[in-house]
Amino acid sequence: MLNSAIAERSAEKVVAMQRSLLRNVGHVEESMVVGFPFEVPAEYADKPLLKGRATVQMTIKKVNEDFDILGTIYKEGKLTMVLDGYTAPVTAGNFVDLVERGFYNNTPVVRSDGFVVQVGRPDTKDELYVDPVTKVKRTIPLEVFAKNDKAPTYGLTLEDDGRGYAATKLPFSVNGAMAQARNEFEANTGSSQIFWFLFEPDLTPAGRNLLDGRYALFGFVTEGDFFLKNFGVGDLVVEAKVVDGLENLVQPGK
């Protein structure tokens, strides 16, 4: 089927097949895993960890109009996202924990530029999430998993690690690839902001988009990604909830 799509030179069909293959490969990989395949560094033991996969569903809404998708009108959009803790346990765990806390409910889009859509900016001066109970600011390290490695690299980009050529296990190769936002010049400044990549095969080919190996990709939108290109600044995430895999979230000290 993928070869057929390539032969037809259909970018849309290729991307759809890529998404389907990624989802199916993920199921196969998960069935083969016995225990968690690597140890997360002890210095990150105070972070929520996703030791497995989880599924999050999100309801999104435009503020001043409805979604118009190729002439079909939607009052609200629905996104289904599969998060991969086998590749990015710290990053995915942070997101799942914040979803469970209700942090993303009724939060606005803060960036939508045709390249990415970004949400999750907290109402703090330094844009870092603060735990409402402990009053402690939360940051997480950059977490990038190179294709031939046995565990993620933490705290620096693959380029800074001298491996800018290396492919990553999760590539920015489909519309709706999810990653952790951070300060461009400081690796370990991830907190609550995440972004979705708006993939254009002709403009941002995988491995040549300045994102692979530089940002922590931790999941993909598997349903509803077509809403993202119409999701603009000021539009809202109405609700986000974990619908599967919550048992894989490991809280600090447990």
# chains A, B, ... in the order shown; residues from 1 in each chain; ligands from 1

call {"tool": "select_by_dssp", "arguments": {"residues": "region 10-214 of chain A", "states": "strand (DSSP E or B)", "output": "PyMOL selection string"}}
result
chain A and resi 49-50+53-61+67-69+72-74+77-84+107-112+116-119+129-130+137-138+140+143-144+146+153-154+168+177-180+190+194-197

call {"tool": "select_by_dssp", "arguments": {"residues": "region 50-198 of chain A", "states": "alpha helix (DSSP H)", "output": "PyMOL selection string"}}
result
chain A and resi 89-100

call {"tool": "residues_around", "arguments": {"residues": "Tyr215 (chain A)", "least_positions_apart": "5", "cutoff": "9 Å", "atoms": "only C-alpha atoms", "output": "ChimeraX atom specification"}}
result
/A:142-144,157,179-182,187

call {"tool": "residues_around", "arguments": {"residues": "region 73-80 of chain A", "least_positions_apart": "2", "cutoff": "6 Å", "atoms": "only C-alpha atoms", "output": "PyMOL selection string"}}
result
chain A and resi 56-61+66-68+221-224

call {"tool": "write_last_selection", "arguments": {"atoms": "N, CA and C atoms", "output": "compact mmCIF listing (two decimals), in the first residue's frame"}}
result
# COMPACT_ATOMS: atom_id res chain seq x y z
N VAL A 56 -4.14 10.04 24.98
CA VAL A 56 -4.82 11.24 25.47
C VAL A 56 -5.79 11.73 24.40
N GLN A 57 -6.99 12.06 24.81
CA GLN A 57 -7.96 12.68 23.90
C GLN A 57 -8.14 14.13 24.31
N MET A 58 -8.21 14.99 23.31
CA MET A 58 -8.30 16.42 23.56
C MET A 58 -9.43 17.02 22.71
N THR A 59 -10.21 17.86 23.35
CA THR A 59 -11.26 18.61 22.66
C THR A 59 -10.75 20.03 22.46
N ILE A 60 -10.81 20.51 21.22
CA ILE A 60 -10.33 21.85 20.91
C ILE A 60 -11.43 22.65 20.23
N LYS A 61 -11.34 23.96 20.36
CA LYS A 61 -12.42 24.81 19.85
C LYS A 61 -11.87 26.15 19.38
N ASP A 66 -16.31 28.42 13.70
CA ASP A 66 -16.21 26.97 13.75
C ASP A 66 -15.04 26.51 12.87
N PHE A 67 -14.65 25.28 13.03
CA PHE A 67 -13.66 24.69 12.14
C PHE A 67 -14.31 24.45 10.78
N ASP A 68 -13.63 24.87 9.73
CA ASP A 68 -14.09 24.63 8.36
C ASP A 68 -13.02 23.77 7.69
N VAL A 221 -0.28 12.65 16.99
CA VAL A 221 -1.74 12.71 16.86
C VAL A 221 -2.12 11.62 15.87
N THR A 222 -2.92 10.66 16.32
CA THR A 222 -3.32 9.55 15.45
C THR A 222 -4.70 9.74 14.85
N GLU A 223 -5.49 10.64 15.41
CA GLU A 223 -6.80 10.97 14.84
C GLU A 223 -7.06 12.46 15.03
N GLY A 224 -7.55 13.12 13.97
CA GLY A 224 -7.95 14.52 14.06
C GLY A 224 -6.86 15.52 13.77

call {"tool": "residues_around", "arguments": {"residues": "Val136 (chain A)", "least_positions_apart": "5", "cutoff": "12 Å", "atoms": "only C-alpha atoms", "output": "list in words"}}
result
Asp46, Leu128, Tyr129, Val130, Asp131 and Ser191 of chain A

call {"tool": "write_last_selection", "arguments": {"atoms": "N, CA and C atoms", "output": "PDB file, in the first residue's frame"}}
result
ATOM      1  N   ASP A  46      12.830  12.472  40.421  1.00  0.00           N
ATOM      2  CA  ASP A  46      11.804  13.331  41.026  1.00  0.00           C
ATOM      3  C   ASP A  46      10.766  13.785  40.001  1.00  0.00           C
ATOM      4  N   LEU A 128       7.327  29.073  33.324  1.00  0.00           N
ATOM      5  CA  LEU A 128       7.531  27.736  33.863  1.00  0.00           C
ATOM      6  C   LEU A 128       6.339  27.341  34.727  1.00  0.00           C
ATOM      7  N   TYR A 129       5.946  26.074  34.634  1.00  0.00           N
ATOM      8  CA  TYR A 129       4.842  25.567  35.445  1.00  0.00           C
ATOM      9  C   TYR A 129       5.260  25.524  36.907  1.00  0.00           C
ATOM     10  N   VAL A 130       4.369  25.952  37.792  1.00  0.00           N
ATOM     11  CA  VAL A 130       4.603  25.914  39.229  1.00  0.00           C
ATOM     12  C   VAL A 130       3.570  24.996  39.864  1.00  0.00           C
ATOM     13  N   ASP A 131       4.033  23.991  40.582  1.00  0.00           N
ATOM     14  CA  ASP A 131       3.129  23.070  41.271  1.00  0.00           C
ATOM     15  C   ASP A 131       2.299  23.863  42.278  1.00  0.00           C
ATOM     16  N   SER A 191       8.946  22.625  30.249  1.00  0.00           N
ATOM     17  CA  SER A 191       8.092  22.709  31.431  1.00  0.00           C
ATOM     18  C   SER A 191       6.694  22.195  31.071  1.00  0.00           C
TER      19      SER A 191
END

call {"tool": "closest_residue", "arguments": {"among": "A:Lys229, A:Lys254, A:Arg163, A:Lys150", "to": "Val117 (chain A)", "atoms": "only C-alpha atoms"}}
result
A:Lys229

call {"tool": "residues_around", "arguments": {"residues": "Val116 (chain A)", "least_positions_apart": "2", "cutoff": "9 Å", "atoms": "only C-alpha atoms", "output": "VMD selection string"}}
result
chain A and resid 111 to 114 118 176 195 to 199 228 to 229

call {"tool": "write_last_selection", "arguments": {"atoms": "C-alpha atoms", "output": "tab-separated table (two decimals), in the first residue's frame"}}
result
chain	number	residue	atom	x	y	z
A	111	ARG	CA	1.69	30.11	18.70
A	112	SER	CA	0.37	29.06	15.30
A	113	ASP	CA	2.61	30.02	12.42
A	114	GLY	CA	2.11	27.35	9.78
A	118	GLN	CA	1.90	25.52	20.61
A	176	GLY	CA	0.78	16.19	14.41
A	195	PHE	CA	3.80	21.85	20.28
A	196	TRP	CA	2.42	19.95	17.31
A	197	PHE	CA	4.47	19.90	14.13
A	198	LEU	CA	2.61	20.86	10.96
A	199	PHE	CA	4.21	18.56	8.43
A	228	LEU	CA	-4.38	21.60	13.64
A	229	LYS	CA	-3.83	23.80	10.59

call {"tool": "residues_around", "arguments": {"residues": "region 102-104 of chain A", "least_positions_apart": "3", "cutoff": "7 Å", "atoms": "only C-alpha atoms", "output": "ChimeraX atom specification"}}
result
/A:98-99,107,120,237,239-240
